[in-house]
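In what follows, a single structure is set out as C-alpha cells and then discussed.
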Amino acid sequence: MPGDSLKININSKGTEINTFDAIVVGSGISGGWAAKELCEQGLKTLVLERGRDVQHLKDYPTATMNPWEFKHRGRMTEKFMEENPLITQAAGFDESTAHFFIRDHDHPYVQEKPFEWIRGYQVGGKSLIWGRACPRWSKYEFINPARYGYGIEWPFGYDDIAPWYSYVEKFAGICGNKDGIESMPDGEYLPPFEFNCAEKDVKQKLESKYKDRYYIQGRWAQLTKPTAIHFEQGRAQCQARDLCMRGCPFGGYFSSNSSTLPWAAKTGNLTVRPFSVVHSIIYDEQKGKAVGVRIIDAASKKETDYFARVIFMNASALNTNLILLNSTSNRFPYGFGNDNGLLGKYVCFQNYRGSVHGSIDGYLDKYYYGRRTAECMVPNFRNIYKHDMDFVGGYMAFSACNRSNDNSDTVAEKIGGAFKDAMSEAGGWSIYMYMQGETVPKKTNHVALSKDKKDEWGIPLLVTNVDYDNNDEKLLKDFLTQASEMLDACEVKSISQDDNHWAPGRDIHEMGGCRMGKDSRTSLLNEWNQFHNCKNVFVTDGACMTSTGNQSPSILYMAMTARAAAFAVSEMKKRNL
Ligand SMILES: Cc1cc2nc3c(=O)[nH]c(=O)nc-3n(C[C@H](O)[C@H](O)[C@H](O)COP(=O)(O)OP(=O)(O)OC[C@H]3O[C@@H](n4cnc5c(N)ncnc54)[C@H](O)[C@@H]3O)c2cc1C
Ligand code: SF4
C-alpha cells in the first residue's frame, strides 16, 4: 500500500540526508510551537510546509502602506470576488491581506453540506492572519461534555494544562486583566488595553445588574508591555495600529514568523522546507511505528520521503485529517491509526451566527486614541455548574463600544462645506456584541476523502459533511435574547439582533476528527496527543480536540503542543520512542 515503508522515494543522497530526529507537518500556530520546543531540546527538526516561505519583516509588503497607496483602496476587484467567493468572505480579507490567504480555485474541496474552509498556506500559516484572542478554557469546558452527556471525557483536565498555558502565555505575550472569573480563568498577562469611557459605563451597569455576568478587557496576543523574553525574540511594543493581519513590523503580536520559528532557528537545529505538500505518513510494519512522511514538491510535483523518530501533525485541523486519512498501509488500511473507524468523525466548530447592536447616548465630548486591537469579552454564564438550559454547552461574547468615523450622516445636504466639516467630526457611539458558541461533537459531522477527485498534487480532495443542529439553534436564540437584555440593562438604544446564517467553517475554529480520549475504542489519541496505536505520531492541532468549549482555541493548541513535545522528548530520552 502507498503508506508502507517498502516503497521509498528519495531524490537526494540516500536516507541519511533525509533523516531528522523529528518532523513537524505545518508551520502555523501549533507547528511553530512544536518546532520551537523540539529544537530547544536538541532535536534536529524538519518542518514541512506546503506554502511559500514568509520571513518576518521582509515579507510583509503591505505592513506600512497607507490606504491611498493600495491600487483599489483596500478592496478587491469584482472579478476577483467572483472568482473567489469563499475566501473573500473570511474575516479580515482585503487587498492589504489577500497575499496571506489561499485562492479558491487553487485548493478545491467537496462540500456535501455548506462548509467554508478558510485557509492560509505559507510559512506561518494562519498565525499571520489570526484574530489573536487568547482566553483560557475553564475546568468546566473540559468536564461538562462528559458530565452532561454530549461528549466523551477529556483525558486531562484544567489543572494538567494550566502550567502549560502559563508557559506559552509568557513567551507569546498575552495581555489582559486578572478578573477572577471561574468560567474564564486568569493567566500570565501583560497589562491590558484600556476600556474607553462608554465601555467603562457598560461594565459598571452590566456587572451591577447581573451577579454572574462580566464585561472584561480582552485577553489578546499583543505585546502591550514587552518583557525581556519578548525583546530577546526581537519583538517590540504594540503600537495600537490595528493593521496586524498584514504582518507586524514591530513583532507586536504573536505569530510563528515573529516568535517561535526564529527562536527555533537560533538553536541551529531547525530546517524548514517550504513548498512541501505532505502526502502521507509512512508506516513500517516490522518496526510497528511510523518512520517518516512522504511529500510532493509543490512546484516540481516530485515525491520525496523524509524520516524521523517522532512526527508532529500540525497541518491545521482538517488538513491533518486529510493527511491521516490518506496515510493508508497494510496495518492501517482505512487511514492512519484508524482501527476504530472514527478518524474524520466528530468534526466540530464554533457558532458565530448571532450578534446584537445598538447606539449609546452621550459622551460626545469624549474620544479615544490609538486603534486598540483587542475587543472586550463577556465570559460564558450558561450551563457551567449545572445543566439548566434547554441546550447543552455555553457561549462567550466579544464586544466593544466605538464612535463612528464621521458625523456626516446628520447633514441633510450630502455636499458642500457643511458636509466636509461634518466629516471631520466624530459621530455617535455604538456598541456590538457577537457570540462564540460551543457546538456538540457528533459522529455524523465528518470529513472524508473523495473517491474520484484529486488535487493537482494527486492527493484526494477533502469532502466536508458538517452542519448545525437543533442545539446550535437554541443556543443562538438564547444568546440573542440575553445579549439584547444585557444591552438594554446598559441603557443602550435601538437594539437590533442579527443571525448571519454563516455556514460552519467561517468561524475558522474547526476542530476534531482525530480526538483525544481515555478509551481507544472511542478516541484516536491519548492524554499526550499520541496515537493510542502508534506512539511516535502526535497530533496537537485542532484535529485533536475532544470538544470545542466556548473559548478561542489557539492558545490551547499552543499549550497542548508544548506539553506533548516535552513528553515526546522525555520518552525519546527513555528510548520509549
Ligand atoms: C481571520 C482569522 C481570525 C482568527 N482569530 C482567532 C482568534 O482570535 N483566536 C484564536 O484562538 N484563533 C483564531 N483563529 C484561528 C487560528 O488561526 C487557528 O486556530 C490556528 O492558526 C490553528 O493553528 P494550526 O497550527 O493548527 O494551523 P495553521 O496556523 O493554519 O497552520 C497550518 C500550516 O500547515 C500547512 N499545511 C497544511 N496542509 C499541509 C500539508 N499537506 N503539507 C504541509 N503543510 C501543510 C499550512 O500551509 C499552514 O501553514 C483565526 C483565524 C483566522 C483566519
Ligand atoms: S496593532 Fe500592534 S501588533 Fe498590530 S500591527 Fe500594529 S503594532 Fe503590530
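All residue names refer to the C-alpha cells as shown: chains lettered A, B, ... in order, residues numbered from 1 in each chain, ligands numbered from 1 in order.
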Please identify the helix (DSSP H, G or I) residues within range 324-544 of chain A (assignment by DSSP from backbone atoms) and present them as number ranges by chain. A: 324-326, 408-410, 417-423, 470-489, 542-544
Hey, can you spit out that residue selection with N, CA and C atoms as an mmCIF file, in the first residue's frame?
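File part22.cif, as written:
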```
data_model
loop_
_atom_site.group_PDB
_atom_site.id
_atom_site.type_symbol
_atom_site.label_atom_id
_atom_site.label_comp_id
_atom_site.auth_asym_id
_atom_site.auth_seq_id
_atom_site.Cartn_x
_atom_site.Cartn_y
_atom_site.Cartn_z
ATOM 1 N N LEU A 324 -3.978 12.216 7.408
ATOM 2 C CA LEU A 324 -4.121 10.948 8.133
ATOM 3 C C LEU A 324 -5.016 9.975 7.355
ATOM 4 N N LEU A 325 -6.107 10.484 6.792
ATOM 5 C CA LEU A 325 -6.995 9.612 6.008
ATOM 6 C C LEU A 325 -6.274 9.074 4.778
ATOM 7 N N ASN A 326 -5.341 9.887 4.278
ATOM 8 C CA ASN A 326 -4.599 9.481 3.073
ATOM 9 C C ASN A 326 -3.417 8.572 3.403
ATOM 10 N N SER A 408 -21.192 62.865 9.213
ATOM 11 C CA SER A 408 -21.829 63.399 8.012
ATOM 12 C C SER A 408 -23.242 62.858 7.807
ATOM 13 N N ASP A 409 -23.552 61.745 8.451
ATOM 14 C CA ASP A 409 -24.907 61.194 8.324
ATOM 15 C C ASP A 409 -25.968 62.190 8.784
ATOM 16 N N THR A 410 -25.573 63.085 9.674
ATOM 17 C CA THR A 410 -26.546 64.006 10.235
ATOM 18 C C THR A 410 -26.765 65.229 9.334
ATOM 19 N N GLY A 417 -19.627 72.575 2.098
ATOM 20 C CA GLY A 417 -18.779 72.838 3.254
ATOM 21 C C GLY A 417 -19.283 72.189 4.528
ATOM 22 N N ALA A 418 -20.615 72.247 4.748
ATOM 23 C CA ALA A 418 -21.164 71.664 5.980
ATOM 24 C C ALA A 418 -20.902 70.161 6.011
ATOM 25 N N PHE A 419 -21.002 69.559 4.837
ATOM 26 C CA PHE A 419 -20.758 68.110 4.745
ATOM 27 C C PHE A 419 -19.292 67.803 5.081
ATOM 28 N N LYS A 420 -18.394 68.614 4.512
ATOM 29 C CA LYS A 420 -16.954 68.422 4.774
ATOM 30 C C LYS A 420 -16.658 68.599 6.258
ATOM 31 N N ASP A 421 -17.219 69.657 6.839
ATOM 32 C CA ASP A 421 -16.987 69.891 8.273
ATOM 33 C C ASP A 421 -17.468 68.706 9.102
ATOM 34 N N ALA A 422 -18.657 68.199 8.726
ATOM 35 C CA ALA A 422 -19.227 67.087 9.495
ATOM 36 C C ALA A 422 -18.356 65.844 9.386
ATOM 37 N N MET A 423 -17.726 65.684 8.222
ATOM 38 C CA MET A 423 -16.859 64.504 8.044
ATOM 39 C C MET A 423 -15.639 64.543 8.949
ATOM 40 N N ASN A 470 -30.048 21.266 16.142
ATOM 41 C CA ASN A 470 -31.067 21.957 16.918
ATOM 42 C C ASN A 470 -30.482 22.635 18.161
ATOM 43 N N ASN A 471 -29.453 22.000 18.730
ATOM 44 C CA ASN A 471 -28.818 22.586 19.911
ATOM 45 C C ASN A 471 -28.205 23.956 19.564
ATOM 46 N N ASP A 472 -27.597 24.032 18.361
ATOM 47 C CA ASP A 472 -26.996 25.300 17.932
ATOM 48 C C ASP A 472 -28.066 26.385 17.789
ATOM 49 N N GLU A 473 -29.227 25.991 17.284
ATOM 50 C CA GLU A 473 -30.309 26.974 17.086
ATOM 51 C C GLU A 473 -30.793 27.501 18.439
ATOM 52 N N LYS A 474 -30.922 26.596 19.408
ATOM 53 C CA LYS A 474 -31.404 27.016 20.740
ATOM 54 C C LYS A 474 -30.381 27.916 21.433
ATOM 55 N N LEU A 475 -29.112 27.543 21.287
ATOM 56 C CA LEU A 475 -28.046 28.334 21.907
ATOM 57 C C LEU A 475 -27.994 29.733 21.273
ATOM 58 N N LEU A 476 -28.160 29.781 19.970
ATOM 59 C CA LEU A 476 -28.180 31.063 19.253
ATOM 60 C C LEU A 476 -29.337 31.929 19.745
ATOM 61 N N LYS A 477 -30.491 31.304 19.865
ATOM 62 C CA LYS A 477 -31.683 32.050 20.292
ATOM 63 C C LYS A 477 -31.465 32.630 21.695
ATOM 64 N N ASP A 478 -30.877 31.803 22.555
ATOM 65 C CA ASP A 478 -30.636 32.272 23.916
ATOM 66 C C ASP A 478 -29.637 33.436 23.917
ATOM 67 N N PHE A 479 -28.590 33.313 23.103
ATOM 68 C CA PHE A 479 -27.619 34.412 23.047
ATOM 69 C C PHE A 479 -28.312 35.704 22.610
ATOM 70 N N LEU A 480 -29.101 35.626 21.543
ATOM 71 C CA LEU A 480 -29.716 36.851 21.009
ATOM 72 C C LEU A 480 -30.615 37.503 22.064
ATOM 73 N N THR A 481 -31.377 36.665 22.772
ATOM 74 C CA THR A 481 -32.263 37.200 23.814
ATOM 75 C C THR A 481 -31.457 37.804 24.954
ATOM 76 N N GLN A 482 -30.467 37.046 25.424
ATOM 77 C CA GLN A 482 -29.687 37.505 26.588
ATOM 78 C C GLN A 482 -28.829 38.732 26.256
ATOM 79 N N ALA A 483 -28.235 38.724 25.073
ATOM 80 C CA ALA A 483 -27.385 39.856 24.702
ATOM 81 C C ALA A 483 -28.236 41.114 24.573
ATOM 82 N N SER A 484 -29.428 40.984 24.004
ATOM 83 C CA SER A 484 -30.321 42.153 23.889
ATOM 84 C C SER A 484 -30.699 42.651 25.281
ATOM 85 N N GLU A 485 -30.991 41.714 26.181
ATOM 86 C CA GLU A 485 -31.349 42.111 27.552
ATOM 87 C C GLU A 485 -30.178 42.810 28.239
ATOM 88 N N MET A 486 -28.978 42.297 27.982
ATOM 89 C CA MET A 486 -27.803 42.906 28.629
ATOM 90 C C MET A 486 -27.592 44.337 28.110
ATOM 91 N N LEU A 487 -27.756 44.520 26.807
ATOM 92 C CA LEU A 487 -27.599 45.879 26.276
ATOM 93 C C LEU A 487 -28.692 46.788 26.821
ATOM 94 N N ASP A 488 -29.882 46.249 26.923
ATOM 95 C CA ASP A 488 -30.983 47.032 27.462
ATOM 96 C C ASP A 488 -30.670 47.466 28.903
ATOM 97 N N ALA A 489 -30.101 46.524 29.680
ATOM 98 C CA ALA A 489 -29.735 46.844 31.066
ATOM 99 C C ALA A 489 -28.667 47.933 31.117
ATOM 100 N N GLY A 542 -5.876 21.475 15.968
ATOM 101 C CA GLY A 542 -7.289 21.374 16.321
ATOM 102 C C GLY A 542 -7.913 20.018 16.061
ATOM 103 N N ALA A 543 -7.278 19.176 15.247
ATOM 104 C CA ALA A 543 -7.841 17.843 14.980
ATOM 105 C C ALA A 543 -7.971 17.029 16.263
ATOM 106 N N CYS A 544 -7.136 17.327 17.262
ATOM 107 C CA CYS A 544 -7.114 16.503 18.485
ATOM 108 C C CYS A 544 -8.246 16.820 19.454
#
```
What parts of range 77-220 of chain A does DSSP call strand (DSSP E)? I'd like the answer as a list in words. Val110, Gln111, Ile174, Cys175, Tyr189, Leu190, Ile216 and Gln217 of chain A
Same residues, C-alpha atoms, output as a PDB file, in the first residue's frame:
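Once written, part25.pdb looks like this:
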```pdb
ATOM      1  CA  VAL A 110     -16.060  18.998  -1.880  1.00  0.00           C
ATOM      2  CA  GLN A 111     -18.839  20.437   0.296  1.00  0.00           C
ATOM      3  CA  ILE A 174      -0.758  37.788  26.074  1.00  0.00           C
ATOM      4  CA  CYS A 175      -2.298  40.930  27.528  1.00  0.00           C
ATOM      5  CA  TYR A 189      -0.857  38.508  31.400  1.00  0.00           C
ATOM      6  CA  LEU A 190       0.860  41.670  30.242  1.00  0.00           C
ATOM      7  CA  ILE A 216     -13.868  42.383  30.834  1.00  0.00           C
ATOM      8  CA  GLN A 217     -10.937  43.517  28.758  1.00  0.00           C
TER       9      GLN A 217
END
```
Using only C-alpha atoms and all ligand atoms, determine which residues fall within 7 Å of ligand 1, then list them as a PyMOL selection string. chain A and resi 25-31+48-51+90-92+118-127+129-134+276-279+314-317+319-320+323+508-509+541-542+552-555
Give me the residues of chain A that have any atom at most 10 Å from an atom of ligand 2; for each, the nearest atom pair and the distance in Å, rounded to one decimal. Use only C-alpha atoms and all ligand atoms, sort by chain and number, and format it as a tab-separated table.
```
residue	atom	partner	partner_atom_place_in_ligand_line	distance
A:Ala63	CA	ligand 2	5 (S)	7.4
A:Thr64	CA	ligand 2	5 (S)	8.9
A:Arg132	CA	ligand 2	3 (S)	9.7
A:Ala221	CA	ligand 2	3 (S)	8.5
A:Gln222	CA	ligand 2	3 (S)	5.9
A:Leu223	CA	ligand 2	3 (S)	7.2
A:Thr224	CA	ligand 2	2 (Fe)	8.2
A:Arg235	CA	ligand 2	8 (Fe)	9.7
A:Ala236	CA	ligand 2	7 (S)	8.3
A:Gln237	CA	ligand 2	7 (S)	6.9
A:Cys238	CA	ligand 2	2 (Fe)	3.5
A:Gln239	CA	ligand 2	7 (S)	3.9
A:Ala240	CA	ligand 2	1 (S)	3.9
A:Arg241	CA	ligand 2	6 (Fe)	3.8
A:Asp242	CA	ligand 2	1 (S)	3.8
A:Leu243	CA	ligand 2	5 (S)	4.3
A:Cys244	CA	ligand 2	5 (S)	3.5
A:Met245	CA	ligand 2	5 (S)	7.1
A:Arg246	CA	ligand 2	5 (S)	7.2
A:Gly247	CA	ligand 2	5 (S)	6.5
A:Cys248	CA	ligand 2	8 (Fe)	4.2
A:Pro249	CA	ligand 2	8 (Fe)	6.3
A:Phe250	CA	ligand 2	8 (Fe)	5.5
A:Gly251	CA	ligand 2	8 (Fe)	6.0
A:Gly252	CA	ligand 2	3 (S)	3.6
A:Tyr253	CA	ligand 2	3 (S)	4.2
A:Phe254	CA	ligand 2	3 (S)	7.9
A:Ser255	CA	ligand 2	3 (S)	9.8
A:Gly370	CA	ligand 2	1 (S)	8.9
A:Arg371	CA	ligand 2	1 (S)	7.1
A:Arg372	CA	ligand 2	1 (S)	7.0
A:Thr373	CA	ligand 2	1 (S)	5.9
A:Ala374	CA	ligand 2	1 (S)	9.2
```
So that I can check the surroundings of Pro379 in chain A, please list as a list in words every protein, DNA and RNA residue that reaches within 9 Å of it, counting only C-alpha atoms and ignoring chain neighbours fewer than 2 positions away. Ile181, Ser183, Met184, Arg213, Tyr214, Tyr215, Ile216, Met377, Phe381, Tyr395, Met396, Ala397, Phe398, Asn550 and Gln551 of chain A
Met65 in chain A: which residues within 10 Å, counting only C-alpha atoms, same-chain residues fewer than 3 positions away excluded, as a compact mmCIF listing (two decimals) with C-alpha atoms, in the first residue's frame?
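Wrote it out as around20.txt, contents follow:
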```
# COMPACT_ATOMS: atom_id res chain seq x y z
CA PRO A 61 4.78 44.00 1.72
CA THR A 62 1.71 45.94 2.86
CA TRP A 68 -4.32 55.59 -0.73
CA GLU A 69 -1.29 53.53 -1.72
CA PHE A 70 -3.43 50.48 -2.48
CA SER A 96 -3.91 44.51 2.26
CA LEU A 243 -3.03 46.54 10.98
CA ARG A 246 -0.61 42.45 7.24
```
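For the set A:Ser450, A:Gln530, A:Gln89, A:Thr540, the residue with the smallest atom-to-atom gap to Leu577 in chain A is A:Gln530, counting only C-alpha atoms.
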Restricting the calculation to only C-alpha atoms: of A:Lys386, A:His56, A:Arg309, A:Arg563, which residue gets closest to Ser166 in chain A? A:Arg563
